[in-house]
Amino acid sequence: MSIPLTVTFQLASWIVKGLQDGTLVRVGGVIINATSKHIVTWLREPNNSSVPALSSSPNNLLNLVFSGANLVASGANAAATRQGLADVSGRLGGVEQTSLGNIAVSGVNLIGTVANAAISGKGFADVNGRLDGIENQLGEIGQNLQLTQGILQVTTAASILNLGVSVIGFAVIAQRLNELEKRLKQAEKLLNKVNRKIDLSFYANFRAAIELAINAFTMTKPENRRSSALQAINRFLEAEHIYTEFTDIEIEQKSQIADEYLLTLSLAYLAEARCYLELEEHDTARRRFQEGAKVIRSRIHKYVEILLTSNPAAYLHPQLKDQIDLRRLTRIYQWIDPTLDENAVFELQRKNLFKIAKDPEKWLDSIPAAILTRVEVEGGWFGPSQDDLNQEAYKRLPQAFEVMESMIETNRRFEAYQTEVQAISQLGISFHDWLKLTPSTEIKPDGAELMYIIPSKPLELQPSI
């Protein structure tokens with residue numbers, strides 16, 4: 001069957017409009033209809049394979065390449081400034097026409113080409129007069145780019161997981177696992193101060209399982225591939241049980257490393273499901289994603305509630321005015337209960353605001369170890385004072401808030417992986433063909449960060465996000 005999909009580096013204008021007016025929302029690596037929950041777009045980071053560079057015609061005066069909000073001048077290597085055009089004028093005498101064209105806007109990339117320019121002495125007399133209009137036009141385009149990026153709210157640092165399951169293979173999982181292990185090793189010093197030990201030996205077993213999976217899928221004989229893959233799956237299942245237990249222990253302790261174990265647990269489920277996808281066992285992969293999502297979400301929920309502290313109004317303290325606002329706090333609560341809006345969240349915090357103002361020490365005494373422990377704060381002969389603890393606590397809150405946002409984004413991306421697997425089955429294509437999807441005619445713009453997979457009509461999939 002023909003695949004009813006459009007694969008592009010450009011974010012369609014109707015999707016941008018939908019994101020602006022709220023009829024469409026991004027959830028992890030997908031954009032969905034806010035009401036029907038139908039999938040309208042998958043977001044995918046481009047593969048790291050080499051992509052032909054943008055070509056520039058020798059007749060072009062300037063080839064302006066916008067990546068995000070940054071302007072890179074190429075072609076004639078002249079900056080789009082008054083001085084840049086003045087420098088160009090010294091090299092282009094005797095040319096007679098000026099044209100500005102071919103401005104292409106994509107979701108996260110914009111290519112503005114000032115094409116086929118022939119500028120005479122008289123033409124240059126008009127350049128300064130026209131430059132303000134050009135700069136304004138380019139400025140508006142830059143603002144539109146920033147707006148689009150803001151609407152998508154996608155940052156590579158927001159989650160340890162990629163947007164799509166198709167671009168987080170075993171090598172990427174191994175890299176993420178190493179990062180988590182390093183972070184735990186850095187936490188050992190603090191844990192030793194409170195007489196707590198952590199066992200990192202299981203990370204070696206996890207890595208061995210990943211190596212086994214990599215080897216399995218480089219084998220040529222199908223029976224050998226399947227046999228080795230099933231061995232790797234058994235090890236990933238073992239890792240899931242181990243890190244579920246570790247996670248529960250750390251959440252019970254309200255520990256600062258609970259999130260590290262939660263992320264490791266996510267990688268274990270992902271690695272297992274990826275094995276099934278490589279074997280083209282779509283239904284089993286989807287079922288494992290569904291089961292993993294339940295396990296992970298329930299524990300992330302508990303951890304977020306710990307980080308919200310006994311009085312979440314602390315995040316609205318005047319000291320954090322330029323860092324955390326009601327809108328950001330509302331997004332945390334909407335993950336817990338999508339029916340809440342900013343007004344509802346404010347009502348939840350109305351009494352809390354007065355409580356924390358009246359008796360700040362009560363909140364400080366109850367602050368969880370996930371945010372701050374007394375042994376972390378330096379003090380005098382008799383330890384840290386109440387003021388020392390208070391100052392350090394508010395210094396930590398923005399970091400704790402970022403952890404909440406990151407964990408929620410990780411959860412949403414993990415849950416969105418199910419829609420990829422469902423789509424593969426519904427569209428009747430193989431996982432390996434899904435991996436190969438790429439724009440057939442478009443040249444990847446320099447610095448492109450996302451690729452968009454758009455079905456010809458929104459896909460109605462089983463609710464998972």
# chains A, B, ... in the order shown; residues from 1 in each chain; ligands from 1

call {"tool": "residues_around", "arguments": {"residues": "A:Leu459", "least_positions_apart": "6", "cutoff": "7 Å", "atoms": "only C-alpha atoms", "output": "number ranges by chain"}}
result
A: 38-40

call {"tool": "residues_around", "arguments": {"residues": "stretch 275-291 of chain A", "least_positions_apart": "2", "cutoff": "7 Å", "atoms": "only C-alpha atoms", "output": "number ranges by chain"}}
result
A: 229, 233, 271-273, 293-295, 418, 421, 425, 430-431

call {"tool": "closest_residue", "arguments": {"among": "A:Leu19, A:Leu262, A:Leu5, A:Leu316", "to": "A:Ile296", "atoms": "only C-alpha atoms"}}
result
A:Leu262

call {"tool": "select_by_dssp", "arguments": {"residues": "stretch 243-279 of chain A", "states": "alpha helix (DSSP H)", "output": "PyMOL selection string"}}
result
chain A and resi 243-252+258-278

call {"tool": "closest_residue", "arguments": {"among": "A:Lys436, A:Lys254, A:Arg274, A:Lys457", "to": "A:Ile367", "atoms": "only C-alpha atoms"}}
result
A:Lys254

call {"tool": "residues_around", "arguments": {"residues": "A:Tyr394", "least_positions_apart": "4", "cutoff": "10 Å", "atoms": "only C-alpha atoms", "output": "PDB file with C-alpha atoms, in the first residue's frame"}}
result
ATOM      1  CA  ALA A 314       7.133  28.316  47.852  1.00  0.00           C
ATOM      2  CA  TYR A 315       7.759  28.233  44.107  1.00  0.00           C
ATOM      3  CA  HIS A 317       8.074  33.273  46.396  1.00  0.00           C
ATOM      4  CA  GLN A 319      12.673  35.786  45.431  1.00  0.00           C
ATOM      5  CA  LEU A 320      11.923  33.547  42.413  1.00  0.00           C
ATOM      6  CA  LEU A 364      11.673  24.742  55.751  1.00  0.00           C
ATOM      7  CA  ILE A 371      15.729  19.191  47.389  1.00  0.00           C
ATOM      8  CA  LEU A 372      17.998  19.828  50.364  1.00  0.00           C
ATOM      9  CA  LEU A 389      19.078  26.820  55.303  1.00  0.00           C
ATOM     10  CA  ASN A 390      16.402  29.200  54.072  1.00  0.00           C
ATOM     11  CA  PRO A 398      14.592  26.501  40.458  1.00  0.00           C
ATOM     12  CA  GLN A 399      16.741  23.381  40.015  1.00  0.00           C
ATOM     13  CA  ALA A 400      14.053  21.216  41.599  1.00  0.00           C
TER      14      ALA A 400
END

call {"tool": "residues_around", "arguments": {"residues": "A:Val25", "least_positions_apart": "5", "cutoff": "12 Å", "atoms": "only C-alpha atoms", "output": "list in words"}}
result
Ile15, Val16, Lys17, Gly18, Leu19, Gln20, Val30, Ile31, Ile32, Asn33, Ala34, Thr35, Ser36, Lys37, His38, Ile39, Val40, Thr41, Trp42, Ile151, Leu152, Gln153 and Ile465 of chain A

call {"tool": "atom_distance", "arguments": {"atom1": "atom CA of A:Trp14", "atom2": "atom CA of A:Thr441"}}
result
21.2 Å

call {"tool": "atom_distance", "arguments": {"atom1": "atom CA of A:Ser228", "atom2": "atom CA of A:Leu427"}}
result
28.8 Å

call {"tool": "atom_distance", "arguments": {"atom1": "atom CA of A:Phe202", "atom2": "atom CA of A:Glu260"}}
result
13.6 Å

call {"tool": "closest_residue", "arguments": {"among": "A:Gln253, A:Asn215, A:Ser13, A:Thr8", "to": "A:Pro46", "atoms": "only C-alpha atoms"}}
result
A:Thr8

call {"tool": "residues_around", "arguments": {"residues": "stretch 357-363 of chain A", "least_positions_apart": "3", "cutoff": "12 Å", "atoms": "only C-alpha atoms", "output": "ChimeraX atom specification"}}
result
/A:308-318,350-354,366-368,385-391,393-394

call {"tool": "closest_residue", "arguments": {"among": "A:Ala216, A:Leu237, A:Ala158, A:Leu326", "to": "A:Glu402", "atoms": "only C-alpha atoms"}}
result
A:Ala158
